[in-house]
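Undergrad: For reference, this is target-v1.txt, and it has compact mmCIF, C-alpha atoms.
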# COMPACT_ATOMS: atom_id res chain seq x y z
CA MET A 1 -49.83 177.58 -285.19
CA LYS A 2 -51.31 174.76 -287.22
CA TRP A 3 -52.84 177.17 -289.71
CA PHE A 4 -49.49 178.96 -290.05
CA TRP A 5 -47.71 175.63 -290.68
CA ARG A 6 -50.33 174.62 -293.24
CA ILE A 7 -49.98 177.91 -295.09
CA GLY A 8 -46.19 177.47 -295.14
CA VAL A 9 -46.49 173.95 -296.54
CA GLY A 10 -48.98 175.18 -299.12
CA VAL A 11 -46.65 177.96 -300.24
CA VAL A 12 -43.73 175.53 -300.54
CA LEU A 13 -45.86 173.12 -302.59
CA LEU A 14 -46.95 175.93 -304.90
CA VAL A 15 -43.34 177.00 -305.40
CA VAL A 16 -42.23 173.42 -306.11
CA ILE A 17 -45.09 172.88 -308.57
CA GLY A 18 -44.36 176.21 -310.23
CA LEU A 19 -40.66 175.44 -310.58
CA GLY A 20 -41.47 171.99 -311.92
CA PHE A 21 -43.74 173.52 -314.53
CA ALA A 22 -41.10 176.11 -315.43
CA GLY A 23 -38.38 173.47 -315.64
CA ASN A 24 -40.42 171.37 -318.04
CA TYR A 25 -41.31 174.47 -320.06
CA PHE A 26 -37.68 175.46 -320.52
CA TYR A 27 -36.70 171.84 -321.23
CA ASN A 28 -39.21 171.78 -324.08
CA TYR A 29 -38.11 175.25 -325.19
CA ALA A 30 -34.37 174.53 -325.35
CA VAL A 31 -33.72 170.78 -325.25
CA VAL A 32 -36.53 169.22 -327.30
CA PRO A 33 -35.82 169.39 -331.07
CA SER A 34 -38.48 171.63 -332.59
CA GLU A 35 -38.90 174.86 -334.49
CA LYS A 36 -37.43 177.64 -332.35
CA ASP A 37 -38.84 181.14 -332.57
CA PHE A 38 -35.59 182.65 -331.29
CA LEU A 39 -33.76 181.21 -334.33
CA ALA A 40 -35.98 182.99 -336.85
CA GLY A 41 -33.18 185.32 -337.94
CA GLY A 42 -30.88 182.47 -338.90
CA THR A 43 -28.28 180.82 -336.70
CA PRO A 44 -25.58 178.20 -337.21
CA GLY A 45 -26.74 175.09 -338.94
CA THR A 46 -29.78 176.72 -340.54
CA ASP A 47 -30.31 177.46 -344.20
CA GLU A 48 -30.17 181.17 -343.44
CA ALA A 49 -26.61 180.74 -342.17
CA GLN A 50 -25.35 179.42 -345.51
CA SER A 51 -23.24 181.84 -347.51
CA LYS A 52 -24.68 183.55 -350.57
CA ASP A 53 -22.41 181.48 -352.79
CA SER A 54 -23.51 178.28 -351.07
CA ASN A 55 -22.09 174.97 -352.26
CA GLU A 56 -25.41 173.25 -351.64
CA ALA A 57 -25.80 171.92 -355.19
CA TRP A 58 -22.35 170.34 -355.07
CA PHE A 59 -23.04 168.86 -351.66
CA LYS A 60 -26.35 167.32 -352.69
CA ASP A 61 -24.93 165.64 -355.79
CA SER A 62 -25.74 161.98 -355.21
CA ASN A 63 -22.72 160.92 -357.25
CA ASN A 64 -20.37 162.58 -354.77
CA ARG A 65 -21.62 161.20 -351.51
CA GLN A 66 -22.76 158.21 -349.52
CA MET A 67 -25.03 157.82 -346.49
CA LEU A 68 -23.51 156.10 -343.47
CA THR A 69 -25.28 154.98 -340.30
CA MET A 70 -24.38 153.64 -336.90
CA THR A 71 -26.09 152.76 -333.62
CA SER A 72 -25.16 154.86 -330.61
CA GLN A 73 -24.27 153.33 -327.26
CA ASP A 74 -27.81 154.06 -326.07
CA GLY A 75 -29.47 152.51 -329.11
CA LEU A 76 -30.17 155.47 -331.42
CA ARG A 77 -29.77 155.10 -335.17
CA LEU A 78 -27.52 157.95 -336.25
CA SER A 79 -26.93 159.11 -339.81
CA ALA A 80 -24.09 160.88 -341.61
CA ILE A 81 -23.14 162.08 -345.08
CA TYR A 82 -19.78 160.85 -346.36
CA LEU A 83 -17.93 162.38 -349.30
CA PRO A 84 -14.77 160.54 -350.36
CA ALA A 85 -11.85 162.64 -351.55
CA GLU A 86 -11.22 162.93 -355.27
CA THR A 87 -7.89 161.20 -354.66
CA ALA A 88 -7.29 159.07 -351.58
CA ALA A 89 -4.84 160.87 -349.30
CA GLY A 90 -5.34 159.05 -346.01
CA LYS A 91 -7.09 161.89 -344.20
CA THR A 92 -10.68 162.60 -343.14
CA ALA A 93 -12.44 165.64 -341.69
CA ILE A 94 -15.43 165.06 -339.40
CA ILE A 95 -17.68 168.12 -339.33
CA ALA A 96 -20.21 169.01 -336.60
CA HIS A 97 -23.20 171.27 -337.34
CA GLY A 98 -24.91 173.73 -335.00
CA TYR A 99 -28.01 173.82 -332.83
CA MET A 100 -31.12 172.77 -334.77
CA GLY A 101 -29.09 172.41 -337.95
CA ASN A 102 -28.24 169.21 -339.78
CA ALA A 103 -25.64 167.75 -342.12
CA GLU A 104 -27.32 169.21 -345.20
CA THR A 105 -26.62 172.77 -344.01
CA MET A 106 -22.85 172.27 -343.80
CA ALA A 107 -22.06 172.40 -347.52
CA ASP A 108 -19.73 175.39 -347.37
CA TYR A 109 -17.60 173.86 -344.62
CA ALA A 110 -17.57 170.43 -346.22
CA LYS A 111 -16.31 172.00 -349.45
CA ILE A 112 -13.39 173.65 -347.65
CA TYR A 113 -12.06 170.32 -346.46
CA HIS A 114 -12.92 168.42 -349.62
CA ASP A 115 -10.98 170.98 -351.67
CA LEU A 116 -8.02 170.37 -349.35
CA GLY A 117 -8.07 166.68 -350.28
CA TYR A 118 -9.94 165.30 -347.29
CA ASN A 119 -12.62 162.67 -347.12
CA VAL A 120 -15.49 164.44 -345.37
CA LEU A 121 -17.95 162.98 -342.86
CA VAL A 122 -20.85 165.18 -341.71
CA PRO A 123 -23.03 163.51 -339.07
CA ASP A 124 -26.55 164.52 -338.14
CA ALA A 125 -26.40 165.02 -334.38
CA ARG A 126 -28.87 163.03 -332.30
CA GLY A 127 -32.29 164.63 -332.55
CA HIS A 128 -31.35 166.43 -335.78
CA GLY A 129 -31.74 165.63 -339.49
CA GLU A 130 -32.00 161.91 -340.20
CA SER A 131 -30.67 160.83 -336.80
CA GLN A 132 -32.96 159.48 -334.11
CA GLY A 133 -33.36 161.14 -330.74
CA ASP A 134 -35.90 163.28 -328.91
CA TYR A 135 -33.54 165.68 -327.16
CA ILE A 136 -30.54 167.93 -327.86
CA GLY A 137 -27.36 167.07 -325.99
CA PHE A 138 -25.51 170.36 -326.57
CA GLY A 139 -22.37 168.35 -327.29
CA TRP A 140 -22.20 166.17 -324.20
CA PRO A 141 -23.80 162.84 -325.22
CA GLU A 142 -22.71 163.67 -328.78
CA ARG A 143 -19.05 163.43 -327.74
CA LYS A 144 -19.52 159.68 -327.34
CA ASP A 145 -21.24 159.53 -330.72
CA TYR A 146 -18.20 161.25 -332.24
CA LEU A 147 -15.88 158.67 -330.72
CA GLN A 148 -17.92 156.05 -332.56
CA TRP A 149 -17.81 158.01 -335.84
CA ILE A 150 -14.03 158.32 -335.45
CA ASN A 151 -13.70 154.58 -334.98
CA GLN A 152 -15.97 153.92 -337.95
CA ILE A 153 -13.73 156.05 -340.16
CA ILE A 154 -10.65 154.18 -338.95
CA ASP A 155 -12.35 150.83 -339.61
CA ARG A 156 -13.41 152.05 -343.05
CA ASN A 157 -10.24 153.77 -344.22
CA GLY A 158 -7.51 151.95 -342.33
CA SER A 159 -5.42 152.31 -339.21
CA GLN A 160 -3.14 154.95 -340.79
CA GLU A 161 -5.99 157.40 -341.51
CA THR A 162 -5.53 160.82 -339.92
CA ILE A 163 -8.62 162.63 -338.68
CA THR A 164 -9.34 166.30 -338.00
CA LEU A 165 -12.46 167.49 -336.19
CA TYR A 166 -14.32 170.69 -337.08
CA GLY A 167 -17.41 172.17 -335.48
CA ILE A 168 -19.43 175.38 -335.48
CA SER A 169 -21.43 176.73 -332.51
CA MET A 170 -22.98 173.68 -330.80
CA GLY A 171 -20.84 171.59 -333.14
CA ALA A 172 -17.80 173.51 -331.90
CA ALA A 173 -18.77 172.67 -328.32
CA THR A 174 -19.19 169.06 -329.43
CA VAL A 175 -15.66 168.74 -330.80
CA MET A 176 -14.21 170.54 -327.78
CA MET A 177 -16.03 168.17 -325.45
CA THR A 178 -14.79 165.28 -327.57
CA SER A 179 -11.23 166.59 -327.19
CA GLY A 180 -11.15 165.61 -323.52
CA GLU A 181 -11.91 161.96 -324.19
CA GLU A 182 -9.36 159.23 -324.80
CA LEU A 183 -8.89 159.69 -328.53
CA PRO A 184 -7.04 157.38 -330.91
CA GLU A 185 -3.76 158.74 -332.22
CA ASN A 186 -5.42 159.10 -335.62
CA VAL A 187 -7.09 162.32 -334.41
CA THR A 188 -4.44 164.93 -335.12
CA SER A 189 -6.18 168.32 -334.92
CA ILE A 190 -9.34 170.20 -333.98
CA ILE A 191 -10.89 173.43 -335.28
CA GLU A 192 -13.77 175.10 -333.44
CA ASP A 193 -15.76 178.13 -334.56
CA CYS A 194 -17.74 180.12 -331.94
CA GLY A 195 -18.32 177.36 -329.42
CA TYR A 196 -19.50 178.00 -325.85
CA THR A 197 -17.68 177.36 -322.59
CA SER A 198 -20.40 175.24 -320.99
CA VAL A 199 -24.09 174.51 -321.28
CA ASN A 200 -24.75 176.14 -317.91
CA GLU A 201 -23.11 179.39 -318.99
CA GLU A 202 -24.63 179.47 -322.48
CA LEU A 203 -28.18 178.62 -321.43
CA GLY A 204 -27.93 180.88 -318.41
CA TYR A 205 -26.86 183.68 -320.74
CA GLN A 206 -29.76 182.96 -323.10
CA LEU A 207 -32.20 182.86 -320.18
CA ASP A 208 -31.12 186.38 -319.32
CA GLN A 209 -31.14 187.62 -322.93
CA LEU A 210 -34.48 186.11 -323.96
CA PHE A 211 -36.49 186.27 -320.73
CA ASP A 212 -34.56 188.66 -318.47
CA LEU A 213 -34.49 185.93 -315.83
CA PRO A 214 -31.65 184.89 -313.50
CA ALA A 215 -30.04 181.47 -313.92
CA PHE A 216 -30.96 180.40 -310.39
CA PRO A 217 -33.18 178.51 -309.75
CA LEU A 218 -34.59 177.84 -313.24
CA MET A 219 -31.36 176.46 -314.67
CA ASN A 220 -31.03 174.07 -311.73
CA VAL A 221 -34.58 172.81 -312.11
CA THR A 222 -34.30 172.50 -315.89
CA SER A 223 -31.04 170.60 -315.44
CA LEU A 224 -32.84 168.16 -313.14
CA VAL A 225 -35.62 167.72 -315.71
CA THR A 226 -32.94 167.15 -318.38
CA LYS A 227 -31.27 164.50 -316.23
CA LEU A 228 -34.59 162.72 -315.75
CA ARG A 229 -35.71 162.98 -319.39
CA ALA A 230 -32.43 162.99 -321.36
CA GLY A 231 -29.92 161.41 -319.01
CA TYR A 232 -27.41 164.22 -318.43
CA TRP A 233 -26.92 167.23 -316.18
CA PHE A 234 -26.17 170.63 -317.67
CA GLY A 235 -23.19 170.86 -315.33
CA GLU A 236 -21.56 167.85 -316.97
CA ALA A 237 -21.49 169.50 -320.40
CA ASP A 238 -18.42 171.67 -319.89
CA ALA A 239 -16.03 172.37 -322.77
CA VAL A 240 -13.55 174.13 -320.46
CA LYS A 241 -13.09 171.03 -318.30
CA GLN A 242 -12.73 168.84 -321.38
CA LEU A 243 -10.18 171.18 -322.96
CA ALA A 244 -8.08 170.92 -319.81
CA LYS A 245 -7.54 167.25 -320.78
CA ASN A 246 -7.01 167.94 -324.48
CA THR A 247 -3.63 167.21 -326.08
CA ARG A 248 -4.51 167.85 -329.75
CA PRO A 249 -3.57 171.06 -331.58
CA ILE A 250 -6.65 173.24 -331.66
CA PHE A 251 -7.64 176.36 -333.62
CA PHE A 252 -10.18 178.73 -332.02
CA ILE A 253 -12.25 181.05 -334.26
CA HIS A 254 -14.71 183.65 -332.96
CA GLY A 255 -16.29 186.84 -334.26
CA ASP A 256 -15.93 189.84 -331.96
CA ALA A 257 -19.52 190.93 -332.68
CA ASP A 258 -20.98 187.61 -331.50
CA THR A 259 -23.79 188.13 -329.01
CA PHE A 260 -25.37 184.67 -329.30
CA VAL A 261 -22.35 182.81 -327.92
CA PRO A 262 -20.60 185.74 -326.23
CA TYR A 263 -17.25 186.68 -327.73
CA GLU A 264 -15.89 186.89 -324.19
CA MET A 265 -16.03 183.10 -323.96
CA LEU A 266 -13.18 182.81 -326.46
CA ASP A 267 -10.34 183.62 -324.06
CA THR A 268 -11.73 181.27 -321.40
CA LEU A 269 -11.71 178.44 -323.93
CA TYR A 270 -8.32 179.35 -325.37
CA ASN A 271 -6.72 179.48 -321.93
CA ALA A 272 -8.27 176.17 -320.87
CA THR A 273 -5.88 174.01 -322.91
CA THR A 274 -2.10 173.71 -322.83
CA ALA A 275 -2.02 171.90 -326.18
CA PRO A 276 -0.59 173.64 -329.27
CA LYS A 277 -3.16 176.27 -330.15
CA GLU A 278 -4.00 179.27 -332.28
CA LYS A 279 -6.88 181.72 -332.27
CA TRP A 280 -8.38 184.03 -334.85
CA ILE A 281 -10.65 186.89 -333.86
CA VAL A 282 -12.78 187.91 -336.84
CA ALA A 283 -13.53 191.62 -336.64
CA GLY A 284 -17.20 192.49 -337.02
CA ALA A 285 -18.41 188.90 -337.39
CA GLU A 286 -21.66 187.98 -335.68
CA HIS A 287 -22.40 184.47 -334.48
CA ALA A 288 -21.27 181.80 -336.97
CA LYS A 289 -20.69 184.47 -339.62
CA SER A 290 -16.88 184.42 -339.78
CA TYR A 291 -16.88 182.41 -343.00
CA GLN A 292 -19.41 184.74 -344.61
CA MET A 293 -17.37 187.81 -343.63
CA ASP A 294 -14.39 186.66 -345.72
CA PRO A 295 -14.63 183.16 -347.23
CA GLU A 296 -11.15 183.27 -348.75
CA ALA A 297 -9.47 184.32 -345.52
CA TYR A 298 -11.42 181.63 -343.66
CA LYS A 299 -10.24 178.94 -346.08
CA GLU A 300 -6.66 180.19 -345.95
CA ARG A 301 -6.57 180.21 -342.15
CA ILE A 302 -7.89 176.67 -341.93
CA ALA A 303 -5.49 175.44 -344.62
CA ALA A 304 -2.53 177.07 -342.85
CA PHE A 305 -3.45 175.52 -339.50
CA LEU A 306 -3.89 172.07 -341.02
CA THR A 307 -0.61 172.37 -342.93
CA THR A 308 1.15 173.07 -339.63
CA TYR A 309 -0.51 170.51 -337.38
CA ASP A 310 -2.42 167.87 -339.34
CA HIS A 311 0.46 165.50 -340.01
CA GLN A 312 0.30 162.09 -341.59
Using the file provided, produce a representation of the structure as structure tokens.
TA:
Amino acid sequence: MKWFWRIGVGVVLLVVIGLGFAGNYFYNYAVVPSEKDFLAGGTPGTDEAQSKDSNEAWFKDSNNRQMLTMTSQDGLRLSAIYLPAETAAGKTAIIAHGYMGNAETMADYAKIYHDLGYNVLVPDARGHGESQGDYIGFGWPERKDYLQWINQIIDRNGSQETITLYGISMGAATVMMTSGEELPENVTSIIEDCGYTSVNEELGYQLDQLFDLPAFPLMNVTSLVTKLRAGYWFGEADAVKQLAKNTRPIFFIHGDADTFVPYEMLDTLYNATTAPKEKWIVAGAEHAKSYQMDPEAYKERIAAFLTTYDHQ
């Protein structure tokens, strides 16, 4: 029986070692900021995702913007681009980019809000752009960073400043996760475009799509590796649970041809909050392409929502 026991222990050790290797591999593949082969076709927050009539030149004009920094609660130096409104109107939009994007790729969205008279703040998420960090938080640790950016805007522009949050893809998940925190009254509205329900569901979906592998047990092991190396569990990063605590008016946008963050996630997110809410399903739009499908309609929808809910 000893030989049988030894073989059993050996098999278990091999499985544990194999899962540990796989967990670290998928951590590096998904969580470590690096060039991603599965993003080669262009995804939110990449240059390829910019519209053909990109406002990049306007956004890069050094006369129109300032660079702001702050230190996160865990000691990272984070960076953001700030564009003051042409005429002070007491309102600021904070804009969150997508996975492996950065502030520089958000020109089109920044221009929408700037044209509506908003100051615009576009942070680089931790591990992206000019911000420090060696991992991607998928919106969960970033929610605390956004609380700090909100407070910095209030300190900068005064206690009467109203703030709206906007995010696309991972940025959309970020603002939805932020929505469940204890926000100052200055935050009056939220707009999210094609965000995911939770990190577990989105990464599990991608594991199936990219590798034809089931979520269990690789997601569990990778989550453990992420907890050890980045300080959070995948299960914590849940936009649905955060939306259940949200009280701010929120506008949900999603293309019905989205197969990167499944379109089916939209109703789950929409139904998760009892706050004032609207949704817009963009026919034929792939992931993060709703603006490109019809820029004028996109601008008009955002302006109408903000006119209704973003009060002084």
Undergrad: Which residue is closest to Asp115 (chain A)? Choose from A:Tyr27, A:Thr162, A:Pro84, A:Phe138 and count only C-alpha atoms.
TA: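 Of the candidates, the smallest distance to Asp115 (chain A) is held by A:Pro84.
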Undergrad: With all atoms listed in the file as the atoms that count, which of A:Ala230, A:Ala107, A:Ala173, A:Ile153 lies nearest to Val187 (chain A)?
TA: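 Using all atoms listed in the file, Val187 (chain A) sits closest to A:Ile153.
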Undergrad: Rounded to one decimal in Å, what is the spacing between CA of Gly255 (chain A) and CA of Leu116 (chain A)?
TA: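 One can read the CA of Gly255 (chain A) to CA of Leu116 (chain A) distance as 23.8 Å.
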Undergrad: Measure the distance from CA of Leu203 (chain A) to CA of Pro217 (chain A) in Å and round it to one decimal.
TA: 12.7 Å
Undergrad: For Ala237 (chain A), which of A:Leu224, A:Met177, A:Met100, A:Met67 is the closest residue, counting all atoms listed in the file?
TA: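 Residue with the minimum atom-to-atom distance to Ala237 (chain A): A:Met177.
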Undergrad: Choose the residue, out of A:Leu78, A:Ile112, A:Ala96, A:Ile150, that has the smallest atom-to-atom separation from Ser131 (chain A); count all atoms listed in the file.
TA: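 Smallest separation from Ser131 (chain A) among the options: A:Leu78.
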Undergrad: Fix up region 115-127 of chain A with N, CA, C and O atoms, then write it as a tab-separated table (two decimals), in the coordinates of the input.
TA:
chain	number	residue	atom	x	y	z
A	115	ASP	N	-11.93	170.33	-350.77
A	115	ASP	CA	-10.98	170.98	-351.67
A	115	ASP	C	-9.54	170.83	-351.21
A	115	ASP	O	-8.61	170.91	-352.01
A	116	LEU	N	-9.36	170.59	-349.90
A	116	LEU	CA	-8.02	170.37	-349.35
A	116	LEU	C	-7.60	168.90	-349.42
A	116	LEU	O	-6.54	168.53	-348.91
A	117	GLY	N	-8.43	168.08	-350.06
A	117	GLY	CA	-8.07	166.68	-350.28
A	117	GLY	C	-8.54	165.71	-349.22
A	117	GLY	O	-8.12	164.55	-349.19
A	118	TYR	N	-9.44	166.16	-348.36
A	118	TYR	CA	-9.94	165.30	-347.29
A	118	TYR	C	-11.19	164.52	-347.71
A	118	TYR	O	-12.03	165.04	-348.45
A	119	ASN	N	-11.31	163.28	-347.22
A	119	ASN	CA	-12.62	162.67	-347.12
A	119	ASN	C	-13.40	163.51	-346.10
A	119	ASN	O	-12.80	164.03	-345.15
A	120	VAL	N	-14.71	163.62	-346.28
A	120	VAL	CA	-15.49	164.44	-345.37
A	120	VAL	C	-16.67	163.63	-344.83
A	120	VAL	O	-17.42	163.02	-345.60
A	121	LEU	N	-16.81	163.62	-343.51
A	121	LEU	CA	-17.95	162.98	-342.86
A	121	LEU	C	-18.71	164.05	-342.09
A	121	LEU	O	-18.14	164.76	-341.27
A	122	VAL	N	-20.02	164.18	-342.38
A	122	VAL	CA	-20.85	165.18	-341.71
A	122	VAL	C	-22.03	164.47	-341.04
A	122	VAL	O	-23.03	164.17	-341.69
A	123	PRO	N	-21.93	164.19	-339.76
A	123	PRO	CA	-23.03	163.51	-339.07
A	123	PRO	C	-24.20	164.44	-338.80
A	123	PRO	O	-24.04	165.66	-338.63
A	124	ASP	N	-25.40	163.86	-338.75
A	124	ASP	CA	-26.55	164.52	-338.14
A	124	ASP	C	-26.48	164.21	-336.65
A	124	ASP	O	-26.48	163.04	-336.25
A	125	ALA	N	-26.40	165.24	-335.82
A	125	ALA	CA	-26.40	165.02	-334.38
A	125	ALA	C	-27.70	164.35	-333.95
A	125	ALA	O	-28.73	164.47	-334.62
A	126	ARG	N	-27.64	163.65	-332.83
A	126	ARG	CA	-28.87	163.03	-332.30
A	126	ARG	C	-29.97	164.08	-332.17
A	126	ARG	O	-29.73	165.22	-331.75
A	127	GLY	N	-31.17	163.70	-332.59
A	127	GLY	CA	-32.29	164.63	-332.55
A	127	GLY	C	-32.32	165.63	-333.69
A	127	GLY	O	-33.17	166.52	-333.70
